[in-house]
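data06.txt follows; it contains compact mmCIF, C-alpha atoms.
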# COMPACT_ATOMS: atom_id res chain seq x y z
CA MET P 145 78.97 74.88 97.55
CA ALA P 146 82.43 76.27 96.75
CA THR P 147 81.04 79.79 96.71
CA ASN P 148 79.48 79.29 100.13
CA ARG P 149 82.76 77.96 101.56
CA GLN P 150 84.65 80.93 100.12
CA ALA P 151 82.13 83.38 101.58
CA ALA P 152 82.38 81.69 104.96
CA THR P 153 86.15 81.81 104.86
CA SER P 154 86.23 85.46 103.84
CA ALA P 155 83.84 86.28 106.68
CA SER P 156 86.08 84.68 109.34
CA PRO P 157 87.13 87.28 111.93
CA TRP P 158 90.49 85.54 112.31
CA ARG P 159 91.52 85.81 108.67
CA ALA P 160 93.00 89.31 108.83
CA PRO P 161 94.91 88.79 112.13
CA ILE P 162 96.36 85.51 110.87
CA LEU P 163 97.50 86.99 107.55
CA PHE P 164 99.04 90.05 109.21
CA GLY P 165 100.68 87.75 111.76
CA VAL P 166 102.27 85.64 109.02
CA LEU P 167 103.53 88.82 107.37
CA ALA P 168 105.03 90.02 110.67
CA ILE P 169 106.82 86.67 111.07
CA LEU P 170 108.38 87.09 107.62
CA PHE P 171 109.83 90.47 108.63
CA VAL P 172 111.13 89.03 111.91
CA LEU P 173 112.81 86.19 110.01
CA GLU P 174 114.30 88.73 107.59
CA GLY P 175 115.81 90.59 110.53
CA THR P 176 117.03 87.63 112.61
CA VAL P 177 117.74 84.63 110.36
CA ARG P 178 120.71 84.64 108.03
CA ASN P 179 120.67 82.01 105.27
CA SER P 180 120.01 81.75 101.54
CA MET P 181 116.42 82.98 102.03
CA PHE P 182 116.77 85.77 104.58
CA SER P 183 119.38 88.46 105.11
CA GLY P 184 119.53 88.38 108.91
CA SER P 185 119.72 92.17 108.97
CA TRP P 186 117.26 94.45 110.75
CA ASN P 187 118.37 97.28 108.50
CA THR P 188 117.22 95.31 105.45
CA SER P 189 113.99 94.19 107.12
CA LEU P 190 113.06 97.72 108.18
CA ALA P 191 114.00 99.15 104.77
CA ILE P 192 111.60 96.71 103.10
CA LEU P 193 108.92 97.49 105.67
CA ASN P 194 109.20 101.26 105.19
CA MET P 195 108.78 101.02 101.43
CA GLY P 196 105.96 98.57 102.04
CA LEU P 197 104.19 101.14 104.23
CA LEU P 198 104.60 103.82 101.55
CA SER P 199 103.25 101.37 98.97
CA ALA P 200 100.33 100.73 101.34
CA ILE P 201 99.47 104.45 101.41
CA THR P 202 99.62 104.53 97.61
CA ALA P 203 97.43 101.41 97.42
CA LEU P 204 94.91 103.06 99.74
CA GLY P 205 94.59 105.96 97.29
CA VAL P 206 94.01 103.58 94.38
CA ASN P 207 91.59 101.56 96.50
CA MET P 208 89.52 104.70 97.16
CA GLN P 209 89.20 105.28 93.45
CA TRP P 210 88.64 101.70 92.32
CA GLY P 211 87.22 100.00 95.39
CA TYR P 212 84.86 102.84 96.35
CA ALA P 213 83.83 104.15 92.94
CA GLY P 214 85.09 101.82 90.22
CA LEU P 215 87.39 104.47 88.68
CA PHE P 216 90.25 102.91 86.72
CA ASN P 217 93.33 105.11 87.27
CA VAL P 218 96.23 103.93 85.10
CA GLY P 219 98.36 107.00 85.81
CA VAL P 220 99.37 106.29 89.41
CA VAL P 221 103.00 107.04 88.53
CA GLY P 222 102.06 110.59 87.47
CA PHE P 223 100.32 111.42 90.75
CA LEU P 224 103.26 110.00 92.71
CA ALA P 225 105.58 112.22 90.66
CA MET P 226 103.39 115.26 91.35
CA GLY P 227 103.66 114.58 95.06
CA ALA P 228 107.40 114.09 94.75
CA LEU P 229 107.80 117.67 93.52
CA ALA P 230 106.52 119.06 96.81
CA PRO P 231 109.61 118.47 99.01
CA VAL P 232 111.76 120.05 96.29
CA LEU P 233 109.61 123.16 95.89
CA VAL P 234 108.66 123.49 99.56
CA SER P 235 111.53 122.26 101.72
CA LEU P 236 114.73 122.92 99.78
CA PRO P 237 116.31 126.34 100.39
CA PRO P 238 115.92 128.94 97.63
CA VAL P 239 118.61 128.82 94.95
CA GLU P 240 120.77 131.91 95.18
CA GLY P 241 120.20 134.19 92.20
CA ALA P 242 117.34 132.12 90.71
CA TRP P 243 114.52 134.44 91.70
CA ALA P 244 116.48 137.50 90.67
CA ALA P 245 117.20 135.90 87.30
CA GLY P 246 113.64 135.04 86.35
CA GLY P 247 111.49 134.10 89.32
CA THR P 248 109.12 137.06 89.14
CA ARG P 249 108.65 136.71 85.40
CA LEU P 250 108.07 132.96 85.80
CA MET P 251 105.32 133.50 88.38
CA LEU P 252 103.73 136.13 86.14
CA ALA P 253 103.81 133.66 83.23
CA LEU P 254 102.08 130.99 85.30
CA ALA P 255 99.46 133.53 86.39
CA VAL P 256 98.86 134.46 82.75
CA GLY P 257 98.46 130.78 81.86
CA VAL P 258 95.87 130.17 84.57
CA GLY P 259 94.11 133.43 83.73
CA THR P 260 93.96 132.49 80.05
CA LEU P 261 92.20 129.22 80.85
CA ALA P 262 89.75 131.03 83.12
CA MET P 263 89.00 133.69 80.50
CA ALA P 264 88.56 131.05 77.79
CA LYS P 265 86.06 129.18 79.95
CA LEU P 266 84.22 132.42 80.70
CA ALA P 267 84.16 133.37 77.01
CA TRP P 268 82.73 129.98 76.05
CA THR P 269 80.17 130.01 78.86
CA ARG P 270 78.93 133.52 78.03
CA THR P 271 79.02 133.49 74.23
CA ARG P 272 79.33 129.85 73.08
CA SER P 273 81.59 131.28 70.38
CA GLY P 274 84.38 128.98 69.30
CA ILE P 275 86.16 131.79 67.44
CA LEU P 276 86.26 134.09 70.49
CA THR P 277 87.41 131.23 72.72
CA ALA P 278 90.17 130.33 70.25
CA VAL P 279 91.30 133.98 70.08
CA VAL P 280 91.54 134.12 73.89
CA LEU P 281 93.51 130.86 74.02
CA ILE P 282 95.93 131.82 71.25
CA GLY P 283 96.50 135.31 72.62
CA GLY P 284 97.04 133.98 76.13
CA PHE P 285 99.44 131.31 74.87
CA VAL P 286 101.55 133.89 73.05
CA ALA P 287 101.69 136.10 76.16
CA TYR P 288 102.51 133.09 78.32
CA ARG P 289 105.42 131.97 76.14
CA TRP P 290 106.69 135.57 75.86
CA LEU P 291 107.01 135.68 79.64
CA PHE P 292 107.87 132.04 80.31
CA ASP P 293 110.68 131.25 77.88
CA PRO P 294 113.13 134.05 78.84
CA ALA P 295 112.48 133.34 82.55
CA VAL P 296 113.28 129.65 82.15
CA ILE P 297 116.42 130.35 80.12
CA ALA P 298 117.67 132.76 82.80
CA ILE P 299 116.94 130.38 85.68
CA GLU P 300 118.56 127.38 84.01
CA ALA P 301 121.65 129.48 83.19
CA ASN P 302 122.08 130.34 86.87
CA ASN P 303 124.97 128.13 88.10
CA PRO P 304 123.80 125.16 85.97
CA ALA P 305 126.48 122.77 87.24
CA ARG P 306 125.11 122.83 90.80
CA ASN P 307 121.64 124.32 90.46
CA GLY P 308 119.92 125.63 87.36
CA ASN P 309 116.53 125.39 89.06
CA ILE P 310 114.22 127.71 90.97
CA GLY P 311 114.76 126.07 94.36
CA GLY P 312 112.32 125.83 97.25
CA LEU P 313 110.91 127.86 100.10
CA GLY P 314 112.90 126.38 102.98
CA LEU P 315 109.79 125.29 104.89
CA PRO P 316 109.54 122.19 107.15
CA VAL P 317 109.68 118.93 105.23
CA LEU P 318 106.62 117.47 106.97
CA LEU P 319 104.59 120.33 105.50
CA SER P 320 105.66 119.20 102.04
CA TRP P 321 103.82 115.90 102.51
CA ALA P 322 100.49 117.73 102.68
CA VAL P 323 101.52 119.98 99.78
CA GLY P 324 102.31 116.87 97.73
CA GLY P 325 98.73 115.77 98.27
CA LEU P 326 97.50 119.18 97.11
CA PHE P 327 99.65 119.01 93.94
CA ALA P 328 98.25 115.58 93.04
CA ALA P 329 94.71 116.69 93.89
CA ALA P 330 95.04 119.69 91.55
CA ALA P 331 96.18 117.42 88.71
CA ALA P 332 93.30 115.04 89.46
CA TRP P 333 90.80 117.90 89.35
CA ALA P 334 92.07 118.99 85.92
CA ILE P 335 91.91 115.43 84.56
CA GLY P 336 88.57 114.69 86.18
CA LYS P 337 86.89 117.80 84.82
CA VAL P 338 87.74 116.60 81.31
CA ALA P 339 87.48 112.81 81.49
CA LEU P 340 84.93 112.00 84.20
CA GLY P 341 81.37 111.71 83.00
CA LEU P 342 82.49 110.00 79.80
CA ARG P 343 82.96 106.25 79.33
CA SER P 344 85.25 104.61 81.88
CA ASP P 345 87.86 103.75 79.25
CA TYR P 346 88.34 107.48 78.54
CA LEU P 347 89.44 107.98 82.15
CA ALA P 348 91.95 105.13 81.81
CA ILE P 349 93.36 106.64 78.60
CA ALA P 350 93.48 110.13 80.12
CA THR P 351 95.24 109.04 83.30
CA LEU P 352 97.69 106.90 81.35
CA GLY P 353 98.60 109.82 79.09
CA ILE P 354 98.71 112.47 81.82
CA GLY P 355 100.87 110.25 84.01
CA GLU P 356 103.47 109.93 81.27
CA ILE P 357 103.23 113.65 80.47
CA ILE P 358 103.92 114.59 84.11
CA VAL P 359 107.02 112.39 84.22
CA ALA P 360 108.18 113.75 80.85
CA VAL P 361 107.81 117.33 82.08
CA MET P 362 109.84 116.55 85.18
CA LYS P 363 112.58 115.03 83.02
CA ASN P 364 112.80 117.97 80.60
CA GLU P 365 112.01 121.12 82.62
CA ASP P 366 115.33 121.69 84.36
CA TRP P 367 114.15 124.91 86.01
CA LEU P 368 111.62 122.94 88.01
CA ALA P 369 113.71 120.15 89.59
CA ARG P 370 116.91 119.90 87.49
CA GLY P 371 115.37 117.31 85.15
CA VAL P 372 117.46 114.19 84.65
CA LYS P 373 120.32 115.77 86.63
CA ASN P 374 118.27 114.91 89.74
CA ILE P 375 117.86 116.66 93.08
CA THR P 376 119.82 115.39 96.07
CA SER P 377 120.07 116.29 99.76
CA ILE P 378 116.34 116.72 100.20
CA PRO P 379 115.70 117.53 103.89
CA ARG P 380 114.73 114.67 106.17
CA PRO P 381 112.32 114.72 109.15
CA VAL P 382 114.57 112.37 111.15
CA ALA P 383 118.16 112.40 112.36
CA GLN P 384 121.12 111.75 110.08
CA GLU P 385 123.04 108.50 110.59
CA VAL P 386 126.37 110.34 110.71
CA ALA P 387 125.12 112.69 113.43
CA LEU P 388 123.98 109.73 115.53
CA GLN P 389 127.34 107.96 115.13
CA ARG P 390 129.09 111.08 116.44
CA ASN P 391 126.85 111.26 119.51
CA PRO P 392 128.58 109.54 122.48
CA ASP P 393 125.26 108.90 124.24
CA PHE P 394 123.89 107.10 121.19
CA VAL P 395 127.09 105.08 120.79
CA ASP P 396 126.78 103.94 124.41
CA PHE P 397 123.09 103.17 123.90
CA ALA P 398 123.86 101.07 120.81
CA ALA P 399 126.63 99.21 122.65
CA SER P 400 124.22 98.38 125.50
CA TRP P 401 122.06 96.57 122.93
CA GLY P 402 125.05 94.83 121.36
CA PHE P 403 125.02 96.80 118.08
CA PRO P 404 127.86 98.71 116.43
CA ALA P 405 127.13 102.41 116.14
CA ALA P 406 126.97 102.28 112.32
CA GLU P 407 124.39 99.49 112.27
CA ALA P 408 122.39 100.93 115.16
CA SER P 409 122.19 104.38 113.54
CA GLY P 410 120.66 102.85 110.41
CA ILE P 411 118.13 100.91 112.49
CA TRP P 412 117.25 104.00 114.53
CA VAL P 413 116.68 106.14 111.45
CA LYS P 414 114.53 103.46 109.82
CA LEU P 415 112.51 103.04 113.02
CA SER P 416 111.97 106.81 113.10
CA TYR P 417 110.72 106.78 109.52
CA MET P 418 108.54 103.74 110.28
CA SER P 419 106.89 105.60 113.18
CA LEU P 420 106.07 108.60 110.99
CA PHE P 421 104.80 106.41 108.16
CA LEU P 422 102.62 104.38 110.53
CA VAL P 423 101.05 107.53 111.93
CA VAL P 424 100.17 108.80 108.45
CA LEU P 425 98.94 105.36 107.35
CA LEU P 426 96.71 104.89 110.40
CA VAL P 427 95.27 108.39 110.11
CA ILE P 428 94.41 107.80 106.44
CA ILE P 429 92.86 104.40 107.25
CA LEU P 430 90.80 105.94 110.07
CA LEU P 431 89.48 108.71 107.82
CA ALA P 432 88.88 106.25 104.96
CA GLU P 433 86.96 103.85 107.21
CA LEU P 434 84.83 106.65 108.64
CA ALA P 435 84.08 107.87 105.12
CA LEU P 436 83.30 104.37 103.85
CA LYS P 437 80.82 103.69 106.65
CA SER P 438 79.15 107.08 106.36
CA PRO P 439 76.17 107.89 104.11
CA TRP P 440 78.69 109.27 101.61
CA GLY P 441 80.52 105.94 101.49
CA ARG P 442 77.32 103.94 101.06
CA MET P 443 76.31 106.29 98.28
CA MET P 444 79.68 105.84 96.55
CA ARG P 445 79.35 102.06 96.61
CA ALA P 446 75.80 102.32 95.31
CA ILE P 447 77.08 104.44 92.41
CA ARG P 448 79.87 101.95 91.79
CA ASP P 449 77.48 99.00 91.68
CA ASN P 450 74.80 100.64 89.53
CA GLU P 451 75.32 104.12 88.13
CA THR P 452 72.00 104.11 86.29
CA ALA P 453 70.00 103.40 89.43
CA ALA P 454 71.96 106.02 91.38
CA GLU P 455 71.26 108.66 88.71
CA ALA P 456 67.58 107.71 88.76
CA MET P 457 67.60 108.46 92.50
CA GLY P 458 68.90 111.96 91.83
CA LYS P 459 72.59 111.46 92.59
CA ASP P 460 75.13 113.55 90.70
CA VAL P 461 77.38 110.67 89.63
CA THR P 462 79.99 112.79 87.84
CA ARG P 463 80.41 115.10 90.81
CA ARG P 464 80.80 112.21 93.25
CA HIS P 465 83.29 110.52 90.95
CA LEU P 466 85.29 113.73 90.83
CA GLN P 467 85.29 113.92 94.63
CA VAL P 468 86.63 110.42 95.18
CA PHE P 469 89.09 110.74 92.29
CA ILE P 470 90.58 113.87 93.86
CA LEU P 471 90.69 112.29 97.33
CA GLY P 472 92.40 109.13 96.10
CA SER P 473 94.92 111.10 94.04
CA ALA P 474 95.69 113.32 97.03
CA VAL P 475 96.56 110.24 99.09
CA ILE P 476 98.82 109.01 96.27
CA GLY P 477 100.48 112.44 96.17
CA VAL P 478 101.18 112.30 99.91
CA ALA P 479 102.85 108.92 99.39
CA GLY P 480 104.94 110.38 96.55
CA ALA P 481 106.21 113.20 98.78
CA MET P 482 107.02 110.72 101.55
CA MET P 483 108.98 108.46 99.19
CA VAL P 484 111.22 111.34 98.10
CA THR P 485 111.75 112.30 101.74
CA LEU P 486 112.77 108.73 102.56
CA ASP P 487 115.23 108.50 99.66
CA GLY P 488 116.54 112.06 99.91
CA LEU P 489 116.60 112.03 96.11
CA LEU P 490 114.30 113.05 93.29
CA ALA P 491 115.20 111.14 90.12
CA PRO P 492 112.51 111.52 87.42
CA THR P 493 113.99 108.64 85.40
CA SER P 494 113.14 106.24 88.24
CA TYR P 495 109.38 106.73 87.79
CA ASN P 496 108.69 103.50 85.95
CA PRO P 497 105.02 102.62 85.28
CA LEU P 498 105.79 98.95 85.94
CA ARG P 499 106.83 99.73 89.50
CA TYR P 500 104.57 102.66 90.29
CA THR P 501 101.37 101.70 88.45
CA PHE P 502 101.22 97.99 87.61
CA LEU P 503 102.69 96.81 90.91
CA ILE P 504 100.35 99.07 92.90
CA TRP P 505 97.38 97.59 91.07
CA VAL P 506 98.64 94.08 91.86
CA MET P 507 98.77 95.10 95.53
CA VAL P 508 95.17 96.33 95.50
CA ILE P 509 93.84 93.28 93.64
CA VAL P 510 95.73 90.78 95.79
CA GLY P 511 94.78 92.50 99.04
CA GLY P 512 91.11 92.94 98.13
CA SER P 513 89.69 96.01 96.42
CA GLY P 514 87.14 97.88 98.48
CA ASN P 515 88.81 96.83 101.75
CA ASN P 516 91.26 99.35 103.21
CA TRP P 517 93.03 96.79 105.39
CA GLY P 518 93.18 94.48 102.40
CA ALA P 519 94.99 97.17 100.42
CA VAL P 520 97.53 97.51 103.24
CA LEU P 521 98.03 93.74 103.49
CA GLY P 522 98.40 93.37 99.73
CA ALA P 523 100.85 96.28 99.48
CA VAL P 524 103.24 95.14 102.20
CA THR P 525 103.04 91.47 101.11
CA ILE P 526 103.66 92.16 97.43
CA TRP P 527 106.49 94.56 98.17
CA PHE P 528 108.17 91.98 100.41
CA LEU P 529 107.84 89.35 97.67
CA TRP P 530 109.00 91.83 95.00
CA ILE P 531 112.22 92.47 96.90
CA LYS P 532 112.89 88.89 98.00
CA ALA P 533 112.11 87.42 94.56
CA GLU P 534 115.31 89.06 93.33
CA VAL P 535 117.18 86.84 95.81
CA TRP P 536 114.98 83.77 95.85
CA GLY P 537 114.64 83.63 92.05
CA PRO P 538 118.31 82.99 91.21
CA ALA P 539 118.58 80.54 94.11
CA LEU P 540 115.57 78.61 92.84
CA ILE P 541 116.86 78.53 89.27
CA ALA P 542 120.30 77.40 90.46
CA MET P 543 118.69 74.57 92.43
CA LEU P 544 116.49 73.47 89.54
CA THR P 545 119.29 73.59 86.98
CA GLY P 546 121.80 71.86 89.26
CA PRO P 547 121.26 68.36 87.76
CA MET P 548 121.40 69.71 84.20
CA ALA P 549 124.52 69.36 82.09
CA ASP P 550 126.42 72.54 81.30
CA GLY P 551 125.28 74.05 78.04
CA PRO P 552 123.46 76.95 76.39
CA VAL P 553 120.05 76.03 77.90
CA LYS P 554 121.38 75.98 81.45
CA ALA P 555 123.36 79.17 80.86
CA HIS P 556 120.29 80.91 79.48
CA LEU P 557 118.19 79.88 82.47
CA LEU P 558 120.82 81.13 84.90
CA ASP P 559 121.18 84.42 83.02
CA SER P 560 117.39 84.89 83.08
CA ALA P 561 117.14 84.31 86.83
CA PRO P 562 116.94 88.05 87.73
CA HIS P 563 113.67 88.26 85.78
CA MET P 564 112.07 85.77 88.18
CA ARG P 565 110.49 88.62 90.14
CA PHE P 566 108.22 89.39 87.17
CA ILE P 567 107.23 85.74 86.86
CA ALA P 568 106.65 85.60 90.61
CA MET P 569 104.33 88.62 90.57
CA GLY P 570 102.36 87.15 87.67
CA ALA P 571 102.10 83.81 89.44
CA VAL P 572 100.91 85.41 92.69
CA LEU P 573 98.31 87.45 90.81
CA LEU P 574 97.03 84.40 88.92
CA LEU P 575 96.84 82.28 92.08
CA VAL P 576 94.91 84.95 93.97
CA LEU P 577 92.52 85.52 91.08
CA ARG P 578 91.95 81.76 90.82
CA PHE P 579 91.49 80.85 94.48
CA ALA P 580 90.50 84.20 96.06
CA PRO P 581 89.11 86.38 93.26
CA ARG P 582 87.95 89.02 95.74
CA GLY P 583 91.42 89.24 97.31
CA LEU P 584 92.97 88.03 100.53
CA LEU P 585 90.70 90.32 102.57
CA PRO P 586 87.51 90.78 100.54
CA GLU P 587 85.23 93.77 100.86
CA LYS P 588 82.62 93.26 103.55

Output the file's structure as structure tokens, nothing else.
Amino acid sequence: MATNRQAATSASPWRAPILFGVLAILFVLEGTVRNSMFSGSWNTSLAILNMGLLSAITALGVNMQWGYAGLFNVGVVGFLAMGALAPVLVSLPPVEGAWAAGGTRLMLALAVGVGTLAMAKLAWTRTRSGILTAVVLIGGFVAYRWLFDPAVIAIEANNPARNGNIGGLGLPVLLSWAVGGLFAAAAAWAIGKVALGLRSDYLAIATLGIGEIIVAVMKNEDWLARGVKNITSIPRPVAQEVALQRNPDFVDFAASWGFPAAEASGIWVKLSYMSLFLVVLLVIILLAELALKSPWGRMMRAIRDNETAAEAMGKDVTRRHLQVFILGSAVIGVAGAMMVTLDGLLAPTSYNPLRYTFLIWVMVIVGGSGNNWGAVLGAVTIWFLWIKAEVWGPALIAMLTGPMADGPVKAHLLDSAPHMRFIAMGAVLLLVLRFAPRGLLPEK
């Protein structure tokens, strides 16, 4: 009986509009009401919404992999980091003197590395000789390091206080979003060629390891993106707040709405970002829905539900898994490039698996895996709660401990209040798994 009621509820056509409506009300309250629960600032509300939209794009990529094909990607943070490299390498201007110092030799080293892998594969395919393949790999590695190491040393010695990296190509920043998807897709292809086709836990281990390796490389290879010294002033696709505040027409426009120029410029910039993010999000959802309802999408779900039966019907399961793994990772890479563009900063130390892997999975599970709109709902909802729990948590603890006498227990509870966001996320996940195990918007 309970199962029937749950199925009937999940099938209600009003469920999605109601849930999205409640979420919209929360953002309106955040922008208009000022009390202990809400900030009363549209700048804060729009900032939360923009990161929620980027989290939604990331959740869509994970949903493609897990919801469509049952692929467990535990390295989301790595694919986001791969995408984040794109604005640095595509949109920043070239660093003066970097290419002259070692750029040509660096490109030659990378070409030798790729060529070595190709030759090793060819040697193994043609001869099945492990000795010959090992000789090719060792010889190529020696040649690669002979070219690579001096080039890196020269580039990192080029004005290290301000640069010390190779720089970018000076191309439009919107182009870098697509390039970020290509970077992540290339990494996914390399991982998938090795790990897909084996047991599902091998893919989880591989993605977990590769994700950490990618972040570690970004932290330590200064020539690439300055490592832990970070990259700032990444180009933006929207106007600068300072430029708007110096524009008399904008100042008059802000005054006509009753806003100071400083506050209005922040709102305008965030609205501009929101418009771009919504366009990308809606395009991805449209393409994902068309793919899901096509013969390809039905085949992917059939493979997810029963790989053995799909193989018996002549389907190449490994190839299809590789396709959807690359597509999902490309979407995650696009989100990574967009996040860096929003922040204007690439800081490799900020890529924390708790934020960029675990929390994304919570979003997908809470929203409803296999449902694209569910992934969006879960992402924006969880991100809103993640941010507000930092404010609501201490307030809740202060209220609960108010009647308590002063002492070490009360002090410990008050000091632990900032960790309430982790407890809140765990509680939300447990409640959803208990009362809506298929998510807020289950797969149809």

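The smallest atom-to-atom distance between P:Ala479 and any of P:Thr493, P:Ser513, P:Ser189, P:Thr202, using all atoms listed in the file, is found for P:Thr202.
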
Exercise. Hey, what's within 12 Å of P:Phe397 if we count only C-alpha atoms and toss same-chain stuff fewer than 5 positions away? As number ranges by chain, please?
Worked result: P: 388-389, 391-392, 402-405, 408-409, 412

Counting only C-alpha atoms, which residues of stretch 207-324 of chain P fall within 12 Å of stretch 424-441 of chain P, and what is the closest atom pair for each with its distance in Å at one decimal, ordered by chain and rising number, as JSON lines?
{"residue": "P:Asn207", "atom": "CA", "partner": "P:Ala432", "partner_atom": "CA", "distance": 10.0}
{"residue": "P:Met208", "atom": "CA", "partner": "P:Ala432", "partner_atom": "CA", "distance": 8.0}
{"residue": "P:Gln209", "atom": "CA", "partner": "P:Ala432", "partner_atom": "CA", "distance": 11.6}
{"residue": "P:Gly211", "atom": "CA", "partner": "P:Leu436", "partner_atom": "CA", "distance": 10.3}
{"residue": "P:Tyr212", "atom": "CA", "partner": "P:Gly441", "partner_atom": "CA", "distance": 7.4}
{"residue": "P:Ala213", "atom": "CA", "partner": "P:Gly441", "partner_atom": "CA", "distance": 9.3}
{"residue": "P:Leu318", "atom": "CA", "partner": "P:Val424", "partner_atom": "CA", "distance": 10.9}
{"residue": "P:Trp321", "atom": "CA", "partner": "P:Val424", "partner_atom": "CA", "distance": 10.0}
{"residue": "P:Ala322", "atom": "CA", "partner": "P:Val424", "partner_atom": "CA", "distance": 10.6}

Go ahead and write the selection's residues with C-alpha atoms as a JSON list (two decimals), in the coordinates of the input.
[["chain", "number", "residue", "atom", "x", "y", "z"],
["P", 207, "ASN", "CA", 91.59, 101.56, 96.50],
["P", 208, "MET", "CA", 89.52, 104.70, 97.16],
["P", 209, "GLN", "CA", 89.20, 105.28, 93.45],
["P", 211, "GLY", "CA", 87.22, 100.00, 95.39],
["P", 212, "TYR", "CA", 84.86, 102.84, 96.35],
["P", 213, "ALA", "CA", 83.83, 104.15, 92.94],
["P", 318, "LEU", "CA", 106.62, 117.47, 106.97],
["P", 321, "TRP", "CA", 103.82, 115.90, 102.51],
["P", 322, "ALA", "CA", 100.49, 117.73, 102.68]]

Problem set entry | All residues 6 Å or closer to P:Trp268, all atoms listed in the file, same chain fewer than 4 positions away omitted, as a list in words | Arg272, Ser273 and Thr277 of chain P

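Nearest to P:Trp517 of all the residues P:Gly257, P:Gly480, P:Gly546, P:Pro586 is P:Pro586, based on only C-alpha atoms.
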
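Around P:Glu356, within 9 Å and counting only C-alpha atoms, the residues found are Gly219, Val221, Gly222 and Pro497 of chain P, once anything fewer than 6 positions away on its own chain is removed.
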
Exercise. If we count only C-alpha atoms, what is near P:Val576 at a cut-off of 12 Å, once residues fewer than 3 positions away on the same chain are taken out, given as a list of chain:residue names?
Worked result: P:Val506, P:Met507, P:Val508, P:Ile509, P:Val510, P:Gly511, P:Gly512, P:Gly522, P:Ile526, P:Met569, P:Gly570, P:Ala571, P:Val572, P:Leu573, P:Phe579, P:Ala580, P:Pro581, P:Arg582, P:Gly583, P:Leu584, P:Leu585, P:Pro586

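Of the listed residues P:Leu544, P:Leu190, P:Met444, P:Ala245, the one whose atoms come nearest to P:Ile411 is P:Leu190, with distances taken using only C-alpha atoms.
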
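Distances here use only C-alpha atoms; by that measure, the residue among P:Met362, P:Leu266, P:Val166, P:Ala330 closest to P:Tyr495 is P:Met362.
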
Exercise. Within 8 Å of P:Ile504, counting all atoms listed in the file, which residues qualify if same-chain residues fewer than 3 places away don't, as an MDAnalysis selection string?
Worked result: chainID P and resid 199 202:203 206 499:501 507:508 523

Seminar exercise, completed: One decimal place gives the atom CA of P:Ala491-atom CA of P:Phe223 separation as 14.9 Å

Problem set entry | Given only C-alpha atoms as the counted atoms, nearest of P:Ile335, P:Ala369, P:Leu291, P:Leu352 to P:Arg306 | P:Ala369
